[in-house]
>>> print(open('start.pdb').read())   # PDB, C-alpha atoms, pLDDT in the B column
ATOM      1  CA  MET A   1       0.000   0.000   0.000  1.00 45.00           C
ATOM      2  CA  ARG A   2       2.826   2.392   0.793  1.00 50.00           C
ATOM      3  CA  ARG A   3       4.399   1.920  -2.649  1.00 53.00           C
ATOM      4  CA  PHE A   4       1.098   2.963  -4.202  1.00 53.00           C
ATOM      5  CA  PHE A   5       1.390   6.449  -2.717  1.00 55.00           C
ATOM      6  CA  TRP A   6       5.130   6.992  -2.193  1.00 58.00           C
ATOM      7  CA  LEU A   7       7.768   5.609  -4.504  1.00 57.00           C
ATOM      8  CA  PRO A   8      11.364   5.385  -3.352  1.00 54.00           C
ATOM      9  CA  ARG A   9      13.408   8.429  -4.376  1.00 60.00           C
ATOM     10  CA  GLN A  10      15.764   6.395  -6.563  1.00 59.00           C
ATOM     11  CA  ALA A  11      12.896   4.817  -8.536  1.00 58.00           C
ATOM     12  CA  SER A  12      12.871   5.803 -12.195  1.00 62.00           C
ATOM     13  CA  ARG A  13       9.862   7.850 -13.183  1.00 68.00           C
ATOM     14  CA  ASP A  14       9.213   7.880 -16.887  1.00 74.00           C
ATOM     15  CA  ALA A  15       6.471   9.665 -18.780  1.00 73.00           C
ATOM     16  CA  ALA A  16       3.258   7.814 -19.563  1.00 74.00           C
ATOM     17  CA  PRO A  17       3.498   5.924 -22.865  1.00 81.00           C
ATOM     18  CA  VAL A  18       1.237   7.293 -25.582  1.00 86.00           C
ATOM     19  CA  ARG A  19       0.525   4.186 -27.695  1.00 90.00           C
ATOM     20  CA  PRO A  20      -0.963   1.984 -24.956  1.00 90.00           C
ATOM     21  CA  LEU A  21      -3.182   4.837 -23.802  1.00 89.00           C
ATOM     22  CA  ALA A  22      -4.255   5.525 -27.394  1.00 92.00           C
ATOM     23  CA  ARG A  23      -5.145   1.855 -27.817  1.00 93.00           C
ATOM     24  CA  VAL A  24      -7.154   1.933 -24.598  1.00 92.00           C
ATOM     25  CA  TRP A  25      -8.966   5.063 -25.778  1.00 93.00           C
ATOM     26  CA  VAL A  26      -9.924   3.395 -29.076  1.00 95.00           C
ATOM     27  CA  PHE A  27     -11.129   0.328 -27.168  1.00 95.00           C
ATOM     28  CA  VAL A  28     -13.118   2.427 -24.677  1.00 94.00           C
ATOM     29  CA  VAL A  29     -14.789   4.399 -27.473  1.00 94.00           C
ATOM     30  CA  ALA A  30     -15.610   1.211 -29.396  1.00 95.00           C
ATOM     31  CA  ALA A  31     -16.950  -0.517 -26.263  1.00 93.00           C
ATOM     32  CA  GLY A  32     -19.089   2.523 -25.474  1.00 91.00           C
ATOM     33  CA  ALA A  33     -20.419   2.579 -29.029  1.00 92.00           C
ATOM     34  CA  GLY A  34     -21.184  -1.134 -28.790  1.00 92.00           C
ATOM     35  CA  ALA A  35     -23.038  -0.647 -25.519  1.00 89.00           C
ATOM     36  CA  ALA A  36     -25.042   2.201 -27.056  1.00 87.00           C
ATOM     37  CA  ALA A  37     -25.827   0.125 -30.151  1.00 87.00           C
ATOM     38  CA  LEU A  38     -27.110  -2.706 -27.972  1.00 88.00           C
ATOM     39  CA  GLY A  39     -29.385  -0.300 -26.110  1.00 82.00           C
ATOM     40  CA  TRP A  40     -27.546  -0.360 -22.798  1.00 81.00           C
ATOM     41  CA  GLY A  41     -27.915   3.367 -22.099  1.00 76.00           C
ATOM     42  CA  ASP A  42     -26.557   3.426 -18.553  1.00 80.00           C
ATOM     43  CA  MET A  43     -23.796   0.948 -19.323  1.00 86.00           C
ATOM     44  CA  VAL A  44     -22.239   3.378 -21.839  1.00 86.00           C
ATOM     45  CA  VAL A  45     -21.256   5.675 -18.985  1.00 87.00           C
ATOM     46  CA  VAL A  46     -20.002   2.808 -16.829  1.00 90.00           C
ATOM     47  CA  VAL A  47     -17.952   1.147 -19.577  1.00 89.00           C
ATOM     48  CA  MET A  48     -16.281   4.347 -20.733  1.00 91.00           C
ATOM     49  CA  PHE A  49     -15.632   5.793 -17.274  1.00 92.00           C
ATOM     50  CA  VAL A  50     -14.301   2.574 -15.770  1.00 93.00           C
ATOM     51  CA  GLY A  51     -12.091   1.926 -18.817  1.00 92.00           C
ATOM     52  CA  THR A  52     -10.601   5.404 -18.648  1.00 94.00           C
ATOM     53  CA  VAL A  53      -9.995   5.378 -14.890  1.00 94.00           C
ATOM     54  CA  GLN A  54      -8.530   1.861 -14.979  1.00 93.00           C
ATOM     55  CA  ALA A  55      -6.040   2.805 -17.704  1.00 92.00           C
ATOM     56  CA  LEU A  56      -4.956   5.927 -15.833  1.00 92.00           C
ATOM     57  CA  LEU A  57      -4.663   4.085 -12.515  1.00 90.00           C
ATOM     58  CA  ASP A  58      -2.550   1.423 -14.204  1.00 89.00           C
ATOM     59  CA  ASP A  59       0.027   4.065 -15.105  1.00 87.00           C
ATOM     60  CA  VAL A  60      -0.237   5.623 -11.640  1.00 87.00           C
ATOM     61  CA  VAL A  61       0.584   2.255 -10.073  1.00 83.00           C
ATOM     62  CA  LYS A  62       3.547   1.853 -12.453  1.00 83.00           C
ATOM     63  CA  GLY A  63       4.936   5.105 -11.086  1.00 80.00           C
ATOM     64  CA  VAL A  64       4.955   7.587 -13.951  1.00 83.00           C
ATOM     65  CA  ARG A  65       6.255  11.095 -13.388  1.00 83.00           C
ATOM     66  CA  HIS A  66       3.801  13.498 -11.666  1.00 85.00           C
ATOM     67  CA  ARG A  67       1.329  10.649 -11.352  1.00 84.00           C
ATOM     68  CA  TRP A  68      -1.152  11.973  -8.790  1.00 86.00           C
ATOM     69  CA  PRO A  69      -1.408  15.544 -10.122  1.00 89.00           C
ATOM     70  CA  ALA A  70      -1.747  14.093 -13.622  1.00 91.00           C
ATOM     71  CA  PHE A  71      -4.492  11.703 -12.479  1.00 94.00           C
ATOM     72  CA  VAL A  72      -6.511  14.419 -10.745  1.00 94.00           C
ATOM     73  CA  ALA A  73      -6.079  16.877 -13.620  1.00 95.00           C
ATOM     74  CA  ALA A  74      -6.990  14.209 -16.181  1.00 96.00           C
ATOM     75  CA  LEU A  75     -10.225  13.309 -14.428  1.00 95.00           C
ATOM     76  CA  SER A  76     -11.074  17.003 -14.059  1.00 96.00           C
ATOM     77  CA  ALA A  77     -10.363  17.693 -17.728  1.00 97.00           C
ATOM     78  CA  GLY A  78     -12.371  14.676 -18.844  1.00 95.00           C
ATOM     79  CA  TRP A  79     -15.369  15.599 -16.716  1.00 95.00           C
ATOM     80  CA  SER A  80     -15.179  19.231 -17.874  1.00 96.00           C
ATOM     81  CA  ALA A  81     -14.965  18.280 -21.550  1.00 95.00           C
ATOM     82  CA  ASP A  82     -17.953  15.957 -21.168  1.00 92.00           C
ATOM     83  CA  ARG A  83     -20.027  18.651 -19.458  1.00 92.00           C
ATOM     84  CA  LEU A  84     -19.004  21.295 -22.004  1.00 94.00           C
ATOM     85  CA  PHE A  85     -19.912  18.994 -24.898  1.00 92.00           C
ATOM     86  CA  ARG A  86     -23.303  18.242 -23.360  1.00 87.00           C
ATOM     87  CA  ALA A  87     -23.959  21.953 -22.823  1.00 89.00           C
ATOM     88  CA  VAL A  88     -23.076  22.866 -26.399  1.00 90.00           C
ATOM     89  CA  VAL A  89     -24.736  19.979 -28.247  1.00 85.00           C
ATOM     90  CA  SER A  90     -28.397  19.303 -27.619  1.00 79.00           C
ATOM     91  CA  ALA A  91     -29.656  15.803 -26.937  1.00 73.00           C
ATOM     92  CA  PRO A  92     -31.380  13.997 -29.804  1.00 73.00           C
ATOM     93  CA  THR A  93     -35.155  14.331 -29.817  1.00 73.00           C
ATOM     94  CA  ASP A  94     -35.689  11.060 -31.682  1.00 74.00           C
ATOM     95  CA  PRO A  95     -36.254   8.242 -29.146  1.00 70.00           C
ATOM     96  CA  ASP A  96     -34.366   5.808 -31.387  1.00 68.00           C
ATOM     97  CA  TRP A  97     -31.187   7.852 -30.889  1.00 75.00           C
ATOM     98  CA  ALA A  98     -31.659   8.509 -27.167  1.00 70.00           C
ATOM     99  CA  GLU A  99     -29.249   5.685 -26.276  1.00 73.00           C
ATOM    100  CA  TRP A 100     -26.487   7.528 -28.158  1.00 81.00           C
ATOM    101  CA  ALA A 101     -26.953  10.809 -26.258  1.00 81.00           C
ATOM    102  CA  ASP A 102     -24.159  10.143 -23.734  1.00 83.00           C
ATOM    103  CA  TRP A 103     -21.612   8.585 -26.068  1.00 88.00           C
ATOM    104  CA  PRO A 104     -20.160  11.636 -27.931  1.00 88.00           C
ATOM    105  CA  GLY A 105     -19.591  13.621 -24.750  1.00 89.00           C
ATOM    106  CA  LEU A 106     -17.967  10.663 -23.037  1.00 91.00           C
ATOM    107  CA  ALA A 107     -15.730  10.043 -26.061  1.00 93.00           C
ATOM    108  CA  CYS A 108     -14.532  13.658 -25.973  1.00 94.00           C
ATOM    109  CA  GLY A 109     -14.141  13.545 -22.204  1.00 95.00           C
ATOM    110  CA  SER A 110     -12.071  10.366 -22.248  1.00 95.00           C
ATOM    111  CA  LEU A 111      -9.866  11.790 -25.000  1.00 95.00           C
ATOM    112  CA  ALA A 112      -9.345  14.952 -22.953  1.00 96.00           C
ATOM    113  CA  ALA A 113      -8.506  12.859 -19.879  1.00 96.00           C
ATOM    114  CA  PHE A 114      -5.914  10.753 -21.716  1.00 95.00           C
ATOM    115  CA  ALA A 115      -4.357  13.790 -23.431  1.00 94.00           C
ATOM    116  CA  THR A 116      -4.117  15.699 -20.147  1.00 96.00           C
ATOM    117  CA  PHE A 117      -2.576  12.728 -18.341  1.00 93.00           C
ATOM    118  CA  VAL A 118       0.060  12.211 -21.033  1.00 92.00           C
ATOM    119  CA  ALA A 119       0.852  15.936 -21.221  1.00 92.00           C
ATOM    120  CA  ILE A 120       1.335  16.338 -17.479  1.00 91.00           C
ATOM    121  CA  THR A 121       3.521  13.250 -17.165  1.00 89.00           C
ATOM    122  CA  ARG A 122       5.776  14.724 -19.843  1.00 86.00           C
ATOM    123  CA  LEU A 123       6.538  17.842 -17.793  1.00 82.00           C
ATOM    124  CA  PRO A 124      10.103  18.047 -16.436  1.00 80.00           C
ATOM    125  CA  ALA A 125      10.748  16.122 -13.230  1.00 72.00           C
ATOM    126  CA  GLY A 126      11.908  19.077 -11.186  1.00 66.00           C
ATOM    127  CA  LEU A 127      13.239  22.600 -11.247  1.00 52.00           C
ATOM    128  CA  PRO A 128      16.931  23.035 -12.013  1.00 53.00           C
ATOM    129  CA  ARG A 129      18.981  23.860  -8.964  1.00 51.00           C
ATOM    130  CA  ALA A 130      21.213  26.915  -8.966  1.00 49.00           C
TER
END
>>> encode(input="start.pdb", output="C-alpha cells")
Amino acid sequence: MRRFFWLPRQASRDAAPVRPLARVWVFVVAAGAGAAALGWGDMVVVVMFVGTVQALLDDVVKGVRHRWPAFVAALSAGWSADRLFRAVVSAPTDPDWAEWADWPGLACGSLAAFATFVAITRLPAGLPRA
C-alpha cells in the first residue's frame, strides 16, 4: 500500500506511454459505441468511465512522473470536456437515438482525460537547482 502512494526516491519515473493509452482510448470508445448500439444506455457511462480510470490508474501504479497531479487533472479535464460537450450539443429528440446521447460527450471527455494525463507526465521532473 505504501508503494502505491510513495515511490522510493531512486525509482525511475518515466512519462506515460502514448501508444498503450491511445489503444485503450480506441477500445473504450468502441466498447461505449457497442453498448449504445445494444441499447444499454446506462452501461455506456459505466464502460467508458471505468475503462478510462482503470487505464490511468494502471500508469499511476507503475509510477509515472507526476502521477497523482496528472491523475486528478486528467479526471477534471475529462469531466469538464464531457459537461461542455453536453452543454453545447443538444440531446437527440428522436427516441431511437436517445441511447447515443451520452456517447459523444464521453468520447470527448475520455480523450481529454488521456491527453491531459500524457501531457502532465511529460513535464520536467523538477526545477533546475542553482
>>> closest_residue(input="start.pdb", among="A:Met48, A:Leu111, A:Ala74, A:Ala22", to="A:Ala35", atoms="all atoms listed in the file")
A:Met48
>>> residues_around(input="start.pdb", residues="A:Pro69", least_positions_apart="6", cutoff="12 Å", atoms="all atoms listed in the file", output="PyMOL selection string")
chain A and resi 56+60+75-77+116-121+123
>>> residues_around(input="start.pdb", residues="A:Gln54", least_positions_apart="4", cutoff="12 Å", atoms="all atoms listed in the file", output="list in words")
Leu21, Val24, Trp25, Val28, Val46, Val47, Met48, Phe49, Val50, Asp58, Asp59, Val60, Val61, Phe71, Leu75, Ser110 and Phe114 of chain A
>>> closest_residue(input="start.pdb", among="A:Val44, A:Leu38, A:Ala16, A:Ala125", to="A:Ala101", atoms="all atoms listed in the file")
A:Val44
>>> atom_distance(input="start.pdb", atom1="atom CA of A:Trp103", atom2="atom CA of A:Ala30")
10.1 Å
>>> atom_distance(input="start.pdb", atom1="atom CA of A:Ser90", atom2="atom CA of A:Met43")
20.7 Å
>>> atom_distance(input="start.pdb", atom1="atom CA of A:Pro20", atom2="atom CA of A:Arg86")
27.7 Å
>>> closest_residue(input="start.pdb", among="A:Ala36, A:Phe27, A:Arg67, A:Ala113", to="A:Asp14", atoms="all atoms listed in the file")
A:Arg67
>>> residues_around(input="start.pdb", residues="A:Ala98", least_positions_apart="2", cutoff="12 Å", atoms="all atoms listed in the file", output="list of chain:residue names")
A:Ala36, A:Ala37, A:Gly39, A:Trp40, A:Gly41, A:Asp42, A:Val44, A:Ser90, A:Ala91, A:Pro92, A:Thr93, A:Asp94, A:Pro95, A:Asp96, A:Trp100, A:Ala101, A:Asp102, A:Trp103, A:Pro104
>>> closest_residue(input="start.pdb", among="A:Val29, A:Val72, A:Gly63, A:Val88", to="A:Cys108", atoms="all atoms listed in the file")
A:Val29
>>> closest_residue(input="start.pdb", among="A:Phe85, A:Gly51, A:Pro17, A:Gly32", to="A:Arg65", atoms="all atoms listed in the file")
A:Pro17
>>> closest_residue(input="start.pdb", among="A:Val45, A:Trp68, A:Val18, A:Glu99", to="A:Ala115", atoms="only C-alpha atoms")
A:Val18
>>> axis_aligned_box(input="start.pdb", around="stretch 41-54 of chain A", padding_each_side="3 Å", output="AutoDock Vina command-line options")
--center_x -18.2 --center_y 3.4 --center_z -18.5 --size_x 25.4 --size_y 10.8 --size_z 13.2
>>> decode(input="start.pdb", residues="stretch 51-75 of chain A", atoms="N, CA and C atoms", output="compact mmCIF listing (two decimals), in the first residue's frame")
# COMPACT_ATOMS: atom_id res chain seq x y z
N GLY A 51 -13.24 2.18 -17.94
CA GLY A 51 -12.09 1.93 -18.82
C GLY A 51 -11.05 3.03 -18.75
N THR A 52 -11.52 4.27 -18.72
CA THR A 52 -10.60 5.40 -18.65
C THR A 52 -9.88 5.44 -17.30
N VAL A 53 -10.60 5.32 -16.22
CA VAL A 53 -9.99 5.38 -14.89
C VAL A 53 -9.03 4.21 -14.68
N GLN A 54 -9.40 3.03 -15.15
CA GLN A 54 -8.53 1.86 -14.98
C GLN A 54 -7.22 2.05 -15.73
N ALA A 55 -7.27 2.59 -16.93
CA ALA A 55 -6.04 2.80 -17.70
C ALA A 55 -5.15 3.84 -17.03
N LEU A 56 -5.75 4.90 -16.51
CA LEU A 56 -4.96 5.93 -15.83
C LEU A 56 -4.37 5.39 -14.52
N LEU A 57 -5.17 4.65 -13.77
CA LEU A 57 -4.66 4.09 -12.51
C LEU A 57 -3.56 3.06 -12.75
N ASP A 58 -3.61 2.37 -13.88
CA ASP A 58 -2.55 1.42 -14.20
C ASP A 58 -1.21 2.14 -14.34
N ASP A 59 -1.22 3.30 -14.99
CA ASP A 59 0.03 4.07 -15.10
C ASP A 59 0.42 4.70 -13.78
N VAL A 60 -0.55 5.07 -12.96
CA VAL A 60 -0.24 5.62 -11.64
C VAL A 60 0.47 4.57 -10.79
N VAL A 61 -0.03 3.33 -10.85
CA VAL A 61 0.58 2.26 -10.07
C VAL A 61 1.99 1.96 -10.58
N LYS A 62 2.21 2.09 -11.89
CA LYS A 62 3.55 1.85 -12.45
C LYS A 62 4.54 2.93 -12.04
N GLY A 63 4.05 4.07 -11.60
CA GLY A 63 4.94 5.10 -11.09
C GLY A 63 5.42 6.09 -12.12
N VAL A 64 4.55 6.58 -12.98
CA VAL A 64 4.96 7.59 -13.95
C VAL A 64 5.23 8.91 -13.24
N ARG A 65 5.90 9.79 -13.93
CA ARG A 65 6.26 11.09 -13.39
C ARG A 65 4.99 11.93 -13.15
N HIS A 66 4.93 12.63 -12.05
CA HIS A 66 3.80 13.50 -11.67
C HIS A 66 2.48 12.73 -11.70
N ARG A 67 2.47 11.54 -11.16
CA ARG A 67 1.33 10.65 -11.35
C ARG A 67 0.05 11.12 -10.69
N TRP A 68 0.09 11.57 -9.45
CA TRP A 68 -1.15 11.97 -8.79
C TRP A 68 -1.69 13.30 -9.32
N PRO A 69 -0.85 14.33 -9.51
CA PRO A 69 -1.41 15.54 -10.12
C PRO A 69 -1.95 15.29 -11.53
N ALA A 70 -1.27 14.42 -12.28
CA ALA A 70 -1.75 14.09 -13.62
C ALA A 70 -3.08 13.36 -13.57
N PHE A 71 -3.25 12.46 -12.62
CA PHE A 71 -4.49 11.70 -12.48
C PHE A 71 -5.66 12.63 -12.13
N VAL A 72 -5.45 13.50 -11.16
CA VAL A 72 -6.51 14.42 -10.75
C VAL A 72 -6.85 15.40 -11.87
N ALA A 73 -5.83 15.94 -12.53
CA ALA A 73 -6.08 16.88 -13.62
C ALA A 73 -6.75 16.18 -14.80
N ALA A 74 -6.38 14.94 -15.07
CA ALA A 74 -6.99 14.21 -16.18
C ALA A 74 -8.47 13.95 -15.93
N LEU A 75 -8.81 13.53 -14.73
CA LEU A 75 -10.23 13.31 -14.43
C LEU A 75 -11.01 14.62 -14.47
